[in-house]
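Only one structure is covered here, and it is reproduced in the block below.
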Amino acid sequence: MIINIEHVTWRREGLTLLKDVNWQVATGEHWALLGLNGSGKTTLLNMINGYFWPSEGSVSVLGHPFGEIDLRELRKSIGWVSTSLQEKLYAAERTQNIVISGKHATIGLYDSIKEEELAFARSLMDQLSCAHLWDREFRTCSQGEKQKLLIARALMAKPRILILDEPCNGLDLFSRERLLASIQELAKSAHAPTLIYVTHHTEEILPVFTHALLIRGGEAVRCGRTEEVLTEEGLSEFFESPVVVEKHRERVYVRMAD
Ligand SMILES: Nc1ncnc2c1ncn2[C@@H]1O[C@H](COP(=O)(O)OP(=O)(O)OP(=O)(O)O)[C@@H](O)[C@H]1O
């Protein structure tokens, strides 16, 4: 079992921010985590990374129950790509150095770069269709290109779980599709980590995401196989508002019902 969250409740400042959440992620599955603003997605991710401790219930990640594992060690197996990270990275840094710095999850490089690290960084940039950005300054790359570089950076540490936290935020239609195509390829590649794709938008949930968790008000409202979860009925109930679902190339597009 990659992730096993059982009856997890998390309280903070008199509020219950996660309520009796149950979530099991098995090997070979890729998950989408869908929820509106403030629904508890980031809180749940912080829980998986061991930054928050459950008030009730138990968390086990990569077969290690919390309480029995060094969380700093565990975090080395989890990549977490989010846009807020971009601001922390050196704007003038060369793209390949940013990718390579992911090996030890540092900001900037402190050791001399080894030949095999350069080769691995290049293969990752190739895999994410951004090898043409080699040796560019990070700040000169577009938002979509930066996201690809940050995914390559996270993969440099060979994580077993890769969290993609709203990676398409701020991307235009075409950049979004290019990034999604790279994510699709990544998910299909041999030795791909377990992907957890966090989003507000159902249409970003690619067919490779076999399972979906819908979270609302800190509760896991629906959880299961994507095609069973992302139905018109299921989503109308989830959004507490009637929606119409249109499917195109195995992706689900939602609009409000008239
Ligand atoms: N440490 C904290 N103390 C108090 N409230 C918190 C804390 N962390 C999160 N919250 C609250 O918990 C709720 C869920 O927040 P969370 O960041 O998990 O939502 P989210 O689903 O990631 O939202 P978004 O899509 O906007 O990023 C919010 O109402 C937020 O204000």
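Quick note on naming: the chains in the structure tokens go A, B, ... in the order shown, residues restart at 1 in each chain, and ligands are numbered from 1 in order of appearance.
Residues in contact with Ser39 of chain A at 6 Å, where only C-alpha atoms are counted and same-chain residues fewer than 4 positions away are skipped, are listed as Gly35, Arg216, Gly217 and Gly218 of chain A.
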Legend entry - Contacts of segment 156-162 of chain A at 9 Å (only C-alpha atoms; same-chain gap of 5+ positions) as an NGL selection string: :A and (2 or 62 or 75-81 or 99-105 or 117 or 120-121 or 124 or 151 or 191-197)
Legend entry - Those in segment 93-239 of chain A with helix (DSSP H, G or I) from DSSP, as a PyMOL selection string: chain A and resi 95-104+115-127+131-133+138-140+143-155+173-188+202-204+226-229+232-239
Legend entry - Expected answer as a VMD selection string: residues within 10 Å of ligand 1, only C-alpha atoms and all ligand atoms: chain A and resid 10 to 18 33 to 47 52 165 to 166 198 to 200 215 to 218
Would you export the selected residues with C-alpha atoms as a compact mmCIF listing (two decimals), in the first residue's frame, please?
```txt
# COMPACT_ATOMS: atom_id res chain seq x y z
CA TRP A 10 -7.43 16.99 12.06
CA ARG A 11 -8.44 19.86 14.29
CA ARG A 12 -6.83 23.26 14.47
CA GLU A 13 -7.92 26.40 16.29
CA GLY A 14 -11.32 25.00 17.15
CA LEU A 15 -11.99 23.96 13.54
CA THR A 16 -12.20 20.46 12.16
CA LEU A 17 -10.23 20.72 8.92
CA LEU A 18 -10.20 17.01 8.05
CA LEU A 33 -7.51 14.95 -5.86
CA LEU A 34 -10.37 17.29 -6.69
CA GLY A 35 -11.79 19.98 -4.46
CA LEU A 36 -12.82 23.61 -4.43
CA ASN A 37 -10.78 26.33 -2.70
CA GLY A 38 -10.36 25.70 0.99
CA SER A 39 -11.68 22.13 0.81
CA GLY A 40 -8.68 20.59 2.57
CA LYS A 41 -6.48 19.36 -0.29
CA THR A 42 -3.30 21.03 0.93
CA THR A 43 -4.06 19.98 4.49
CA LEU A 44 -4.31 16.37 3.34
CA LEU A 45 -1.02 16.65 1.44
CA ASN A 46 0.67 18.11 4.51
CA MET A 47 -0.60 15.11 6.41
CA PHE A 52 0.66 17.64 10.26
CA ASP A 165 -0.18 20.45 -6.90
CA GLU A 166 -2.33 22.42 -9.37
CA VAL A 198 -4.34 18.06 -7.30
CA THR A 199 -6.78 20.27 -9.15
CA HIS A 200 -9.99 22.30 -9.16
CA ILE A 215 -12.88 16.44 -1.04
CA ARG A 216 -15.27 19.04 0.34
CA GLY A 217 -15.20 20.78 3.69
CA GLY A 218 -12.45 18.44 4.89
```
Legend entry - Nearest residue to Gln96 of chain A from the set A:Gln143, A:Ser189, A:Asn4, A:Ser123 (distances using only C-alpha atoms): A:Ser123
Inset, instruction - For Ile205 of chain A, please output as a PyMOL selection string all residues within 8 Å (counting only C-alpha atoms; exclusion window: fewer than 2 positions along the same chain). - result: chain A and resi 32+197+201-203+207+209+251-252
Keeping only N, CA and C atoms, write the selected residues to a file as a compact mmCIF listing (two decimals), in the first residue's frame.
```txt
# COMPACT_ATOMS: atom_id res chain seq x y z
N ALA A 32 -6.27 11.44 -8.78
CA ALA A 32 -6.59 12.86 -8.87
C ALA A 32 -7.27 13.24 -7.57
N TYR A 197 -2.46 14.01 -8.45
CA TYR A 197 -2.68 15.24 -9.22
C TYR A 197 -3.77 16.07 -8.55
N HIS A 201 -10.13 21.41 -11.43
CA HIS A 201 -10.79 21.27 -12.73
C HIS A 201 -10.80 19.83 -13.22
N THR A 202 -11.99 19.29 -13.44
CA THR A 202 -12.09 17.88 -13.85
C THR A 202 -11.43 17.62 -15.20
N GLU A 203 -11.46 18.60 -16.11
CA GLU A 203 -10.95 18.32 -17.46
C GLU A 203 -9.43 18.10 -17.48
N PRO A 207 -6.83 10.33 -18.54
CA PRO A 207 -7.20 8.92 -18.38
C PRO A 207 -6.21 8.11 -17.54
N PHE A 209 -5.09 8.84 -14.81
CA PHE A 209 -5.46 8.92 -13.39
C PHE A 209 -6.62 7.95 -13.17
N ARG A 251 -11.86 12.56 -21.12
CA ARG A 251 -11.75 13.59 -20.09
C ARG A 251 -13.12 14.19 -19.84
N VAL A 252 -13.32 14.65 -18.62
CA VAL A 252 -14.65 15.10 -18.19
C VAL A 252 -14.70 16.62 -18.11
```
Quick check for you: according to DSSP on this backbone, which residues of segment 173-214 of chain A are classed as strand (DSSP E or B)? Reply as a tab-separated table (two decimals) with N, CA and C atoms, in the first residue's frame.
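New file states-v1.tsv:
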```
chain	number	residue	atom	x	y	z
A	194	THR	N	4.10	6.91	-8.13
A	194	THR	CA	2.65	7.07	-7.96
A	194	THR	C	2.35	8.56	-8.06
A	195	LEU	N	1.45	8.92	-8.96
A	195	LEU	CA	1.16	10.34	-9.16
A	195	LEU	C	-0.10	10.73	-8.39
A	196	ILE	N	-0.03	11.89	-7.77
A	196	ILE	CA	-1.20	12.48	-7.13
A	196	ILE	C	-1.37	13.86	-7.72
A	197	TYR	N	-2.46	14.01	-8.45
A	197	TYR	CA	-2.68	15.24	-9.22
A	197	TYR	C	-3.77	16.07	-8.55
A	198	VAL	N	-3.39	17.24	-8.05
A	198	VAL	CA	-4.34	18.06	-7.30
A	198	VAL	C	-4.89	19.15	-8.21
A	199	THR	N	-6.20	19.28	-8.24
A	199	THR	CA	-6.78	20.27	-9.15
A	199	THR	C	-8.18	20.72	-8.71
A	211	HIS	N	-7.88	6.74	-10.47
A	211	HIS	CA	-8.75	6.94	-9.32
A	211	HIS	C	-8.87	8.42	-8.97
A	212	ALA	N	-9.95	8.74	-8.31
A	212	ALA	CA	-10.16	10.14	-7.90
A	212	ALA	C	-10.76	10.20	-6.51
A	213	LEU	N	-10.32	11.23	-5.79
A	213	LEU	CA	-10.85	11.53	-4.46
A	213	LEU	C	-11.46	12.92	-4.52
A	214	LEU	N	-12.72	13.03	-4.16
A	214	LEU	CA	-13.37	14.34	-4.14
A	214	LEU	C	-13.46	14.78	-2.69
```
Legend entry - All residues 12 Å or closer to Glu177 of chain A, only C-alpha atoms, same chain fewer than 6 positions away omitted, as a ChimeraX atom specification: /A:144,167-168,171,183-184,203-206
Residues just named, written with N, CA and C atoms as an mmCIF file, in the first residue's frame:
```cif
data_model
loop_
_atom_site.group_PDB
_atom_site.id
_atom_site.type_symbol
_atom_site.label_atom_id
_atom_site.label_comp_id
_atom_site.auth_asym_id
_atom_site.auth_seq_id
_atom_site.Cartn_x
_atom_site.Cartn_y
_atom_site.Cartn_z
ATOM 1 N N GLY A 144 4.620 27.514 -18.154
ATOM 2 C CA GLY A 144 4.472 26.090 -18.474
ATOM 3 C C GLY A 144 5.824 25.394 -18.508
ATOM 4 N N PRO A 167 -0.703 21.958 -11.128
ATOM 5 C CA PRO A 167 0.401 22.338 -12.026
ATOM 6 C C PRO A 167 -0.035 23.215 -13.190
ATOM 7 N N CYS A 168 -1.316 23.199 -13.532
ATOM 8 C CA CYS A 168 -1.763 23.969 -14.702
ATOM 9 C C CYS A 168 -2.240 25.371 -14.358
ATOM 10 N N LEU A 171 -1.715 28.670 -16.663
ATOM 11 C CA LEU A 171 -1.289 28.300 -18.013
ATOM 12 C C LEU A 171 -2.405 28.558 -19.019
ATOM 13 N N ILE A 183 2.724 14.980 -18.692
ATOM 14 C CA ILE A 183 2.337 14.247 -17.480
ATOM 15 C C ILE A 183 1.785 12.860 -17.867
ATOM 16 N N GLN A 184 1.035 12.841 -18.949
ATOM 17 C CA GLN A 184 0.493 11.573 -19.453
ATOM 18 C C GLN A 184 1.641 10.609 -19.787
ATOM 19 N N GLU A 203 -11.462 18.595 -16.110
ATOM 20 C CA GLU A 203 -10.947 18.316 -17.457
ATOM 21 C C GLU A 203 -9.434 18.103 -17.476
ATOM 22 N N GLU A 204 -8.760 18.467 -16.377
ATOM 23 C CA GLU A 204 -7.316 18.208 -16.309
ATOM 24 C C GLU A 204 -7.021 16.762 -15.898
ATOM 25 N N ILE A 205 -8.064 16.057 -15.492
ATOM 26 C CA ILE A 205 -7.844 14.688 -15.005
ATOM 27 C C ILE A 205 -7.743 13.746 -16.210
ATOM 28 N N LEU A 206 -6.521 13.353 -16.511
ATOM 29 C CA LEU A 206 -6.232 12.540 -17.687
ATOM 30 C C LEU A 206 -6.630 11.093 -17.451
#
```
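Proximity of A:Thr231, A:Ala257, A:Ser182, A:Leu155 to Val243 of chain A, computed with only C-alpha atoms, is greatest for A:Ala257.
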Inset, instruction - Kindly indicate which residue among A:Ser142, A:Gln127, A:Thr210, A:Asn22 lies nearest to Gly57 of chain A, using only C-alpha atoms for the distances. - result: A:Asn22
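Take the candidates A:Glu93, A:Glu6, A:Asp20, A:Glu29 and check each one against Arg225 of chain A using only C-alpha atoms; the shortest distance goes to A:Glu29.
For Ile3 of chain A, the residues within 8 Å (counting only C-alpha atoms, excluding itself and residues fewer than 5 positions away along the chain) are Trp23, Gln24, Val25, Ala26, Ile48, Val59, Ser60, Val61, Leu62 and Gly63 of chain A.
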Contact check, segment 11-121 of chain A to segment 131-139 of chain A, at most 9 Å, counting only C-alpha atoms, closest pairs as a tab-separated table:
```
residue	atom	partner	partner_atom	distance
A:Leu89	CA	A:Phe138	CA	8.7
A:Tyr90	CA	A:Phe138	CA	7.6
A:Ala91	CA	A:Arg139	CA	4.8
A:Ala92	CA	A:Glu137	CA	5.3
A:Glu93	CA	A:Glu137	CA	5.6
A:Arg94	CA	A:Glu137	CA	4.6
A:Thr95	CA	A:Phe138	CA	5.3
A:Gln96	CA	A:Trp134	CA	5.9
A:Asn97	CA	A:Asp135	CA	8.2
A:Ile98	CA	A:Phe138	CA	7.9
```
Take the residues that were just selected and, keeping C-alpha atoms, output them as a PDB file, in the first residue's frame.
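To be explicit, this is the file written out as selection_35.pdb:
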```pdb
ATOM      1  CA  LEU A  89      14.330  29.104  -6.635  1.00  0.00           C
ATOM      2  CA  TYR A  90      17.040  31.290  -7.983  1.00  0.00           C
ATOM      3  CA  ALA A  91      15.710  33.188 -10.945  1.00  0.00           C
ATOM      4  CA  ALA A  92      19.119  33.526 -12.602  1.00  0.00           C
ATOM      5  CA  GLU A  93      20.011  29.857 -12.124  1.00  0.00           C
ATOM      6  CA  ARG A  94      20.544  27.688 -15.203  1.00  0.00           C
ATOM      7  CA  THR A  95      17.717  25.286 -15.947  1.00  0.00           C
ATOM      8  CA  GLN A  96      19.788  22.101 -15.712  1.00  0.00           C
ATOM      9  CA  ASN A  97      21.190  23.184 -12.339  1.00  0.00           C
ATOM     10  CA  ILE A  98      17.663  23.644 -11.038  1.00  0.00           C
TER      11      ILE A  98
END
```
Legend entry - Which residue of A:Phe239, A:Thr140, A:Asp172, A:Met125 approaches Ala152 of chain A most closely, using only C-alpha atoms: A:Met125
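Ranking A:Ser236, A:Ser112, A:Asn49, A:Ser82 by their shortest atom-to-atom distance to Leu150 of chain A, with only C-alpha atoms included, puts A:Ser82 first.
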Near Leu235 of chain A, counting only C-alpha atoms, which residues have an atom at most 10 Å away, once you skip same-chain residues fewer than 2 positions from it, shown as a PDB file with C-alpha atoms, in the first residue's frame?
```pdb
ATOM      1  CA  THR A 202     -12.092  17.878 -13.851  1.00  0.00           C
ATOM      2  CA  LEU A 214     -13.373  14.338  -4.140  1.00  0.00           C
ATOM      3  CA  ARG A 222     -16.353  10.382  -2.991  1.00  0.00           C
ATOM      4  CA  VAL A 229     -16.583   9.143  -9.422  1.00  0.00           C
ATOM      5  CA  LEU A 230     -16.685  11.765 -12.183  1.00  0.00           C
ATOM      6  CA  THR A 231     -20.283  11.185 -13.239  1.00  0.00           C
ATOM      7  CA  GLU A 232     -22.949  13.837 -13.724  1.00  0.00           C
ATOM      8  CA  GLU A 233     -24.809  12.611 -10.688  1.00  0.00           C
ATOM      9  CA  GLU A 237     -23.905  16.010  -5.551  1.00  0.00           C
ATOM     10  CA  PHE A 238     -20.309  16.948  -4.874  1.00  0.00           C
ATOM     11  CA  PHE A 239     -20.650  20.563  -6.055  1.00  0.00           C
ATOM     12  CA  GLU A 240     -24.088  20.766  -4.402  1.00  0.00           C
ATOM     13  CA  SER A 241     -25.307  22.276  -7.631  1.00  0.00           C
ATOM     14  CA  PRO A 242     -26.612  20.589 -10.788  1.00  0.00           C
ATOM     15  CA  VAL A 243     -23.868  20.285 -13.405  1.00  0.00           C
ATOM     16  CA  VAL A 244     -23.745  18.877 -16.901  1.00  0.00           C
ATOM     17  CA  VAL A 245     -20.883  16.566 -17.799  1.00  0.00           C
ATOM     18  CA  VAL A 254     -18.188  20.190 -16.425  1.00  0.00           C
TER      19      VAL A 254
END
```
